[in-house]
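Enquirer: Supplied structure: input_35.cif, mmCIF, C-alpha atoms.
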data_work
loop_
_atom_site.label_atom_id
_atom_site.label_comp_id
_atom_site.auth_asym_id
_atom_site.auth_seq_id
_atom_site.Cartn_x
_atom_site.Cartn_y
_atom_site.Cartn_z
CA MET A 75 1.32 9.92 18.83
CA LYS A 76 -1.30 10.77 16.21
CA ARG A 77 -1.00 9.04 12.84
CA LYS A 78 -1.52 10.96 9.63
CA ILE A 79 -3.23 9.00 6.85
CA LEU A 80 -3.72 10.28 3.31
CA LEU A 81 -6.74 8.99 1.37
CA PRO A 82 -6.76 9.98 -2.32
CA THR A 83 -10.27 9.84 -3.73
CA ASP A 84 -12.01 10.25 -7.06
CA PHE A 85 -15.36 9.63 -5.33
CA SER A 86 -15.59 6.15 -6.88
CA ASP A 87 -16.81 3.00 -5.11
CA ASN A 88 -13.29 1.56 -4.87
CA ALA A 89 -12.00 4.81 -3.33
CA TRP A 90 -14.82 4.70 -0.78
CA ASN A 91 -14.00 1.06 -0.03
CA ALA A 92 -10.40 2.05 0.77
CA ILE A 93 -11.63 4.80 3.08
CA VAL A 94 -13.88 2.38 4.97
CA TYR A 95 -11.01 -0.10 5.27
CA ALA A 96 -8.66 2.58 6.64
CA LEU A 97 -11.20 3.80 9.21
CA LYS A 98 -11.71 0.26 10.47
CA LEU A 99 -8.01 -0.61 10.39
CA PHE A 100 -7.13 2.37 12.59
CA LYS A 101 -10.28 2.22 14.70
CA HIS A 102 -8.38 2.27 17.99
CA GLU A 103 -5.67 4.74 16.91
CA TYR A 104 -5.54 8.52 17.13
CA CYS A 105 -5.49 9.60 13.48
CA THR A 106 -5.96 12.55 11.19
CA PHE A 107 -7.32 11.43 7.83
CA TYR A 108 -6.78 13.67 4.83
CA PHE A 109 -9.16 13.25 1.89
CA LEU A 110 -7.40 14.39 -1.29
CA ASN A 111 -8.92 15.03 -4.70
CA SER A 112 -7.08 16.20 -7.82
CA THR A 113 -8.87 18.35 -10.41
CA PHE A 114 -5.88 18.24 -12.75
CA VAL A 115 -6.74 18.73 -16.42
CA GLN A 116 -4.31 17.61 -19.12
CA ILE A 117 -2.63 20.45 -21.05
CA SER A 118 -3.85 18.89 -24.29
CA THR A 119 -7.46 19.26 -23.21
CA LEU A 120 -7.11 22.51 -21.28
CA SER A 121 -7.95 24.65 -24.32
CA GLN A 122 -11.31 22.92 -24.54
CA PHE A 123 -12.36 24.28 -21.18
CA SER A 124 -13.22 27.84 -20.30
CA ASN A 125 -12.24 29.33 -16.96
CA LYS A 126 -15.88 29.12 -15.98
CA ILE A 127 -15.95 25.35 -16.63
CA LEU A 128 -12.67 24.81 -14.78
CA LYS A 129 -14.00 26.77 -11.82
CA SER A 130 -17.17 24.67 -11.89
CA ILE A 131 -15.05 21.48 -11.84
CA GLU A 132 -13.20 22.72 -8.77
CA GLN A 133 -16.42 23.76 -7.03
CA ASP A 134 -17.95 20.33 -7.67
CA ALA A 135 -14.80 18.63 -6.35
CA LEU A 136 -14.77 20.81 -3.23
CA LYS A 137 -18.45 20.05 -2.66
CA GLY A 138 -17.73 16.35 -3.08
CA LEU A 139 -14.90 16.50 -0.53
CA MET A 140 -17.04 18.37 1.99
CA GLU A 141 -19.89 15.90 1.56
CA LEU A 142 -17.45 13.01 1.93
CA GLU A 143 -16.04 14.52 5.12
CA LYS A 144 -19.55 14.99 6.51
CA LEU A 145 -20.54 11.43 5.57
CA VAL A 146 -17.48 9.93 7.23
CA GLU A 147 -17.92 12.02 10.38
CA THR A 148 -21.49 10.73 10.59
CA THR A 149 -20.77 7.06 9.86
CA ASP A 150 -17.44 6.80 11.70
CA ALA A 151 -18.38 8.61 14.92
CA ASN A 152 -14.96 7.87 16.40
CA SER A 153 -13.49 10.38 18.83
CA ASN A 154 -10.01 9.11 17.92
CA HIS A 155 -10.39 10.38 14.37
CA GLU A 156 -10.14 13.81 12.79
CA PHE A 157 -10.69 14.68 9.14
CA GLN A 158 -9.37 17.28 6.74
CA ILE A 159 -9.79 17.85 3.02
CA ILE A 160 -7.22 18.73 0.35
CA LEU A 161 -8.23 19.98 -3.11
CA SER A 162 -5.36 20.14 -5.60
CA ARG A 163 -4.91 21.32 -9.18
CA ASP A 164 -1.78 19.20 -9.52
CA ASN A 165 -1.83 15.79 -11.16
CA LEU A 166 -2.52 13.00 -8.70
CA ILE A 167 1.12 11.95 -8.20
CA ASP A 168 2.37 15.49 -7.55
CA ALA A 169 -0.65 16.22 -5.36
CA VAL A 170 0.03 13.15 -3.20
CA LYS A 171 3.78 13.87 -2.97
CA LYS A 172 3.10 17.47 -1.94
CA ALA A 173 0.53 16.44 0.68
CA VAL A 174 2.84 13.75 2.09
CA LYS A 175 5.62 16.30 2.51
CA GLU A 176 3.56 19.22 3.83
CA GLN A 177 1.36 17.20 6.20
CA GLU A 178 4.09 14.72 7.21
CA ILE A 179 1.91 11.78 6.16
CA ASP A 180 2.72 8.36 7.64
CA LEU A 181 0.75 6.22 5.20
CA VAL A 182 -1.18 6.56 1.94
CA VAL A 183 -4.22 4.27 1.63
CA MET A 184 -5.53 3.94 -1.89
CA GLY A 185 -8.23 1.88 -3.56
CA THR A 186 -7.55 0.26 -6.88
CA LYS A 187 -9.57 -1.22 -9.67
CA GLY A 188 -7.71 -3.44 -12.10
CA ALA A 189 -8.17 -2.78 -15.81
CA SER A 190 -7.51 -4.88 -18.87
CA GLY A 191 -4.31 -3.13 -19.97
CA ALA A 192 -1.01 -4.98 -19.68
CA LYS A 193 0.22 -2.92 -16.74
CA GLU A 194 -3.15 -2.85 -15.04
CA VAL A 195 -3.96 -6.47 -14.33
CA PHE A 196 -3.66 -5.95 -10.59
CA PHE A 197 -2.90 -2.26 -10.16
CA GLY A 198 -4.84 0.55 -11.74
CA SER A 199 -2.71 2.98 -13.74
CA ASN A 200 -2.83 5.67 -11.03
CA THR A 201 -1.61 3.16 -8.46
CA ILE A 202 1.20 2.03 -10.78
CA HIS A 203 2.48 5.58 -11.10
CA LEU A 204 2.11 6.29 -7.41
CA VAL A 205 4.06 3.30 -6.08
CA ASN A 206 6.83 3.97 -8.60
CA ASN A 207 7.16 7.66 -7.76
CA LEU A 208 6.36 8.06 -4.07
CA LYS A 209 9.48 7.52 -1.98
CA GLN A 210 8.54 9.29 1.25
CA CYS A 211 6.13 6.81 2.83
CA PRO A 212 4.42 3.42 2.32
CA VAL A 213 1.28 2.92 0.25
CA LEU A 214 -1.42 0.48 1.34
CA ILE A 215 -3.36 -0.66 -1.74
CA ILE A 216 -6.91 -1.89 -1.16
CA PRO A 217 -8.50 -4.06 -3.92
CA GLU A 218 -12.03 -2.96 -4.74
CA THR A 219 -13.66 -6.19 -3.53
CA CYS A 220 -11.70 -6.34 -0.27
CA GLU A 221 -13.64 -6.16 2.99
CA PHE A 222 -11.97 -5.39 6.29
CA THR A 223 -10.90 -8.23 8.53
CA ARG A 224 -8.50 -7.83 11.42
CA PRO A 225 -5.00 -8.28 9.98
CA LEU A 226 -3.66 -11.10 12.13
CA GLN A 227 -1.26 -12.54 9.54
CA ILE A 228 1.14 -10.35 7.55
CA GLY A 229 3.04 -11.96 4.68
CA PHE A 230 6.50 -10.70 3.72
CA PRO A 231 8.16 -12.46 0.75
CA THR A 232 11.96 -12.07 0.45
CA ASP A 233 14.88 -13.79 -1.24
CA TYR A 234 17.32 -12.51 1.43
CA ASN A 235 19.52 -11.05 -1.29
CA ARG A 236 18.80 -7.54 -0.09
CA PHE A 237 19.49 -5.94 3.27
CA TYR A 238 16.37 -4.37 4.78
CA SER A 239 16.91 -1.37 7.02
CA ASN A 240 14.95 -0.87 10.21
CA LYS A 241 13.35 2.18 8.59
CA GLU A 242 12.02 0.06 5.72
CA LEU A 243 10.57 -2.46 8.16
CA LYS A 244 8.84 0.27 10.16
CA GLY A 245 5.66 0.07 8.06
CA ILE A 246 5.32 -3.68 8.65
CA LYS A 247 5.96 -3.26 12.36
CA GLN A 248 3.33 -0.56 12.68
CA LEU A 249 0.74 -2.77 10.99
CA ALA A 250 1.67 -5.71 13.20
CA ASP A 251 1.33 -3.52 16.31
CA LEU A 252 -2.30 -2.67 15.49
CA TYR A 253 -3.67 -6.16 16.18
CA ASP A 254 -0.62 -8.03 17.48
CA ALA A 255 -0.28 -9.71 14.09
CA ARG A 256 2.05 -12.56 13.23
CA ILE A 257 4.63 -11.71 10.56
CA ARG A 258 5.27 -14.59 8.18
CA ILE A 259 8.50 -14.23 6.21
CA MET A 260 8.31 -16.21 2.98
CA HIS A 261 11.44 -17.42 1.19
CA ILE A 262 11.34 -19.38 -2.05
CA ASN A 263 14.11 -21.98 -2.20
CA GLU A 264 15.83 -21.04 -5.43
CA GLU A 265 19.14 -22.36 -4.14
CA GLU A 266 20.30 -25.37 -2.12
CA LYS A 267 21.65 -23.19 0.65
CA LEU A 268 21.91 -19.51 1.43
CA THR A 269 24.97 -17.49 0.49
CA ASP A 270 26.93 -15.61 3.14
CA ILE A 271 25.15 -12.41 2.13
CA GLN A 272 21.75 -14.07 2.42
CA GLU A 273 22.65 -15.49 5.82
CA TYR A 274 23.72 -12.06 7.01
CA ASN A 275 20.52 -10.41 5.76
CA LEU A 276 18.42 -13.15 7.40
CA THR A 277 20.24 -12.59 10.70
CA LYS A 278 19.63 -8.83 10.56
CA LEU A 279 15.97 -9.36 9.67
CA LYS A 280 15.53 -11.60 12.71
CA TYR A 281 17.27 -8.99 14.85
CA TYR A 282 15.05 -6.11 13.71
CA LEU A 283 11.90 -8.22 14.22
CA ASN A 284 12.97 -9.93 17.44
CA SER A 285 10.20 -8.33 19.51
CA TYR A 286 7.49 -9.50 17.10
CA THR A 287 5.84 -12.87 16.60
CA CYS A 288 7.46 -14.14 13.41
CA GLU A 289 7.65 -17.36 11.46
CA PHE A 290 10.13 -18.05 8.67
CA HIS A 291 8.86 -20.19 5.81
CA TRP A 292 11.04 -21.98 3.26
CA LEU A 293 9.02 -22.92 0.22
CA PRO A 294 9.95 -25.07 -2.78
CA LYS A 295 10.50 -23.25 -6.05
CA TYR A 296 7.56 -23.09 -8.46
CA ASP A 297 7.77 -22.30 -12.14
CA ASP A 298 5.47 -19.36 -11.45
CA LYS A 299 6.37 -17.15 -8.49
CA THR A 300 2.98 -15.45 -8.48
CA THR A 301 1.23 -18.81 -8.08
CA GLU A 302 3.51 -19.56 -5.16
CA ILE A 303 2.72 -16.27 -3.45
CA ASN A 304 -1.01 -16.72 -4.01
CA ASP A 305 -0.86 -20.27 -2.59
CA PHE A 306 1.06 -18.95 0.42
CA ILE A 307 -1.63 -16.31 1.02
CA LYS A 308 -4.37 -18.96 0.98
CA GLU A 309 -2.55 -21.57 3.08
CA TYR A 310 -1.65 -19.20 5.92
CA ASP A 311 -4.71 -16.95 5.67
CA ILE A 312 -2.55 -13.88 5.07
CA SER A 313 -4.43 -10.64 5.79
CA ILE A 314 -1.95 -8.17 4.30
CA LEU A 315 0.95 -8.77 1.91
CA ALA A 316 3.95 -6.47 2.33
CA MET A 317 6.90 -5.91 0.01
CA VAL A 318 9.72 -3.38 -0.36
CA ASN A 319 9.80 -1.72 -3.77
CA TYR A 320 13.42 -1.60 -4.94
CA ALA A 321 15.33 -2.09 -8.19
CA HIS A 322 14.80 -5.59 -9.64
CA SER A 323 12.24 -6.44 -6.94
CA PHE A 324 9.10 -8.46 -7.62
CA ILE A 325 7.04 -5.28 -7.48
CA GLU A 326 9.21 -3.70 -10.18
CA ARG A 327 8.69 -6.79 -12.32
CA ILE A 328 4.91 -6.72 -12.10
CA THR A 329 4.75 -2.98 -12.78
CA HIS A 330 7.25 -2.78 -15.64
CA GLU A 331 7.49 -6.06 -17.54
CA PRO A 332 5.55 -6.18 -20.83
CA VAL A 333 4.60 -9.77 -20.02
CA ILE A 334 2.86 -8.80 -16.79
CA LYS A 335 -0.48 -9.89 -18.22
CA LYS A 336 0.79 -13.48 -18.04
CA LEU A 337 1.80 -13.21 -14.39
CA GLY A 338 -1.74 -13.46 -13.08
CA PHE A 339 -1.02 -11.53 -9.89
CA HIS A 340 -4.65 -11.06 -8.89
CA ILE A 341 -4.24 -10.46 -5.19
CA ARG A 342 -7.46 -9.94 -3.25
CA ILE A 343 -5.99 -8.71 0.02
CA PRO A 344 -4.43 -5.36 0.92
CA PHE A 345 -0.90 -4.90 -0.40
CA LEU A 346 1.59 -2.73 1.53
CA VAL A 347 4.23 -1.26 -0.79
CA ILE A 348 7.24 0.12 1.09
CA PRO A 349 9.69 2.43 -0.72
CA GLU A 350 13.36 1.65 -0.30
#
Could you show the structure in this file as structure tokens?

Expert:
Amino acid sequence: MKRKILLPTDFSDNAWNAIVYALKLFKHEYCTFYFLNSTFVQISTLSQFSNKILKSIEQDALKGLMELEKLVETTDANSNHEFQIILSRDNLIDAVKKAVKEQEIDLVVMGTKGASGAKEVFFGSNTIHLVNNLKQCPVLIIPETCEFTRPLQIGFPTDYNRFYSNKELKGIKQLADLYDARIRIMHINEEEKLTDIQEYNLTKLKYYLNSYTCEFHWLPKYDDKTTEINDFIKEYDISILAMVNYAHSFIERITHEPVIKKLGFHIRIPFLVIPE
């Protein structure tokens, strides 16, 4: 079965880095990669542009996409891979959502460059909006300094308070299948023992992952959860961190709280965000 991977690009270095990572990650898989660029212009600035200028912007973007496709076809040289381009006038979020629906995309791979704003310590603003609005498929976020290494260890933090469906776990399973990766489930001991609900959710998680190599880790509670996750990544050489984005989840905290700047969540490995 051929995978369909969407690669939004603004032709920046971090977007190119995400493309390179995706090509290497799916080196042995049959894939169609879609390069998407948005030429959306804010309504407030639209009056400043003539139709001629707007047309020129679109022509430059189309030229950039075609050159990118040609460059990738030359450098990738992989018979398993096909490439298509998508030029959209919609804003990035709407353009991605439309492409995911129309092309039946399995995964969005996006580069990110952290900024200094409160919500942009780890994610860039475009990434923030995307993970909070895209519900149809997972997003794999690639930090700008990240280089590809075979993902042999996948980290999955959970408090067991939420039931994960098999559909939500599909993205983690597919990543694990690529290189026979070990899935390390991380639980922070915030209680002396699990509740009945937590026990049930743990049992179901083990059931859904029973055909995969898994290890369940019980870690002491830190004052700072982000420090704990970062220490876990280092200790077990985690290649990709995966989380489900749901109400009151850790992802929601780091993308909505005004105190995010204090969290220090400077992850340097790919981050798989799975919509609930």

Enquirer: Taking into account all atoms listed in the file, which residue in the set A:Ile262, A:Leu283, A:Leu110, A:Ile348 is nearest to Lys209 (chain A)?

Expert: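 Checking each of A:Ile262, A:Leu283, A:Leu110, A:Ile348 against Lys209 (chain A), counting all atoms listed in the file, the winner is A:Ile348.
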
Enquirer: What would the selection look like, as JSON, numbers by chain, if the PyMOL selection byres ((chain A and resi 236-246) around 9) were run on the coordinates I just shared?

Expert: {"A": [180, 181, 211, 212, 228, 230, 232, 233, 234, 235, 247, 248, 249, 250, 251, 257, 271, 272, 274, 275, 276, 278, 279, 282, 283, 316, 318, 346, 348, 349, 350]}

Enquirer: Mind giving me the straight-line distance from CA of Ile343 (chain A) to CA of Ile303 (chain A) in Å, one decimal?

Expert: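 Atom-to-atom, CA of Ile343 (chain A) and CA of Ile303 (chain A) are spaced 12.0 Å apart.
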
Enquirer: Would you write out, as a PyMOL selection string, every residue that the PyMOL selection byres ((chain A and resi 92) around 7) captures in this file?

Expert: chain A and resi 88-91+93-96+183-185+216

Enquirer: Residues near Glu156 (chain A), anyone? I mean within 9 Å using all atoms listed in the file, not counting same-chain ones fewer than 3 positions away, as a list in words.

Expert: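 The neighbour list is Tyr104, Cys105, Thr106, Phe107, Tyr108, Glu147, Asn152 and Ser153 of chain A.
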
Enquirer: For those residues, write C-alpha atoms to a file as a tab-separated table (two decimals), keeping the file's coordinate frame.

Expert:
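Result file is again23.tsv:
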chain	number	residue	atom	x	y	z
A	104	TYR	CA	-5.54	8.52	17.13
A	105	CYS	CA	-5.49	9.60	13.48
A	106	THR	CA	-5.96	12.55	11.19
A	107	PHE	CA	-7.32	11.43	7.83
A	108	TYR	CA	-6.78	13.67	4.83
A	147	GLU	CA	-17.92	12.02	10.38
A	152	ASN	CA	-14.96	7.87	16.40
A	153	SER	CA	-13.49	10.38	18.83

Enquirer: Of the residues A:Ala151, A:Leu204, A:Val213, A:Leu161, which is the one nearest to Lys101 (chain A), using only C-alpha atoms?

Expert: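 Going through A:Ala151, A:Leu204, A:Val213, A:Leu161 one by one, the smallest distance to Lys101 (chain A) is for A:Ala151.
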
Enquirer: Could I get region 108-158 of chain A from the block written as a tab-separated table (two decimals), in the first residue's frame, with C-alpha atoms?

Expert:
chain	number	residue	atom	x	y	z
A	108	TYR	CA	3.11	16.19	-1.99
A	109	PHE	CA	4.98	19.50	-1.76
A	110	LEU	CA	2.53	22.22	-0.72
A	111	ASN	CA	3.06	25.97	-0.77
A	112	SER	CA	0.55	28.63	0.27
A	113	THR	CA	0.57	32.06	-1.42
A	114	PHE	CA	-2.12	33.36	0.93
A	115	VAL	CA	-2.10	37.13	1.41
A	116	GLN	CA	-3.81	38.69	4.42
A	117	ILE	CA	-6.96	40.69	3.61
A	118	SER	CA	-5.48	43.67	5.43
A	119	THR	CA	-2.55	43.77	3.01
A	120	LEU	CA	-4.40	42.65	-0.11
A	121	SER	CA	-5.20	46.22	-1.17
A	122	GLN	CA	-1.49	46.97	-1.30
A	123	PHE	CA	-0.98	44.45	-4.09
A	124	SER	CA	-2.10	44.73	-7.67
A	125	ASN	CA	-3.35	41.70	-9.57
A	126	LYS	CA	-0.10	41.77	-11.48
A	127	ILE	CA	1.94	41.49	-8.26
A	128	LEU	CA	-0.29	38.72	-6.90
A	129	LYS	CA	0.09	36.81	-10.16
A	130	SER	CA	3.86	37.27	-9.95
A	131	ILE	CA	3.84	35.87	-6.39
A	132	GLU	CA	1.97	32.78	-7.58
A	133	GLN	CA	4.29	32.33	-10.57
A	134	ASP	CA	7.35	32.54	-8.31
A	135	ALA	CA	5.81	30.02	-5.91
A	136	LEU	CA	4.95	27.62	-8.73
A	137	LYS	CA	8.48	27.95	-10.09
A	138	GLY	CA	9.85	27.27	-6.62
A	139	LEU	CA	7.70	24.13	-6.27
A	140	MET	CA	8.76	22.84	-9.69
A	141	GLU	CA	12.42	23.45	-8.91
A	142	LEU	CA	12.00	21.74	-5.55
A	143	GLU	CA	10.38	18.73	-7.21
A	144	LYS	CA	13.20	18.54	-9.75
A	145	LEU	CA	15.85	18.85	-7.03
A	146	VAL	CA	14.30	16.08	-4.95
A	147	GLU	CA	13.89	13.78	-7.94
A	148	THR	CA	17.58	14.28	-8.68
A	149	THR	CA	18.90	13.89	-5.14
A	150	ASP	CA	16.49	11.18	-3.97
A	151	ALA	CA	16.65	8.87	-7.01
A	152	ASN	CA	14.37	6.37	-5.30
A	153	SER	CA	12.06	4.29	-7.46
A	154	ASN	CA	9.76	3.85	-4.46
A	155	HIS	CA	8.98	7.56	-4.41
A	156	GLU	CA	6.73	9.76	-6.51
A	157	PHE	CA	6.29	13.52	-6.19
A	158	GLN	CA	3.51	16.00	-6.81
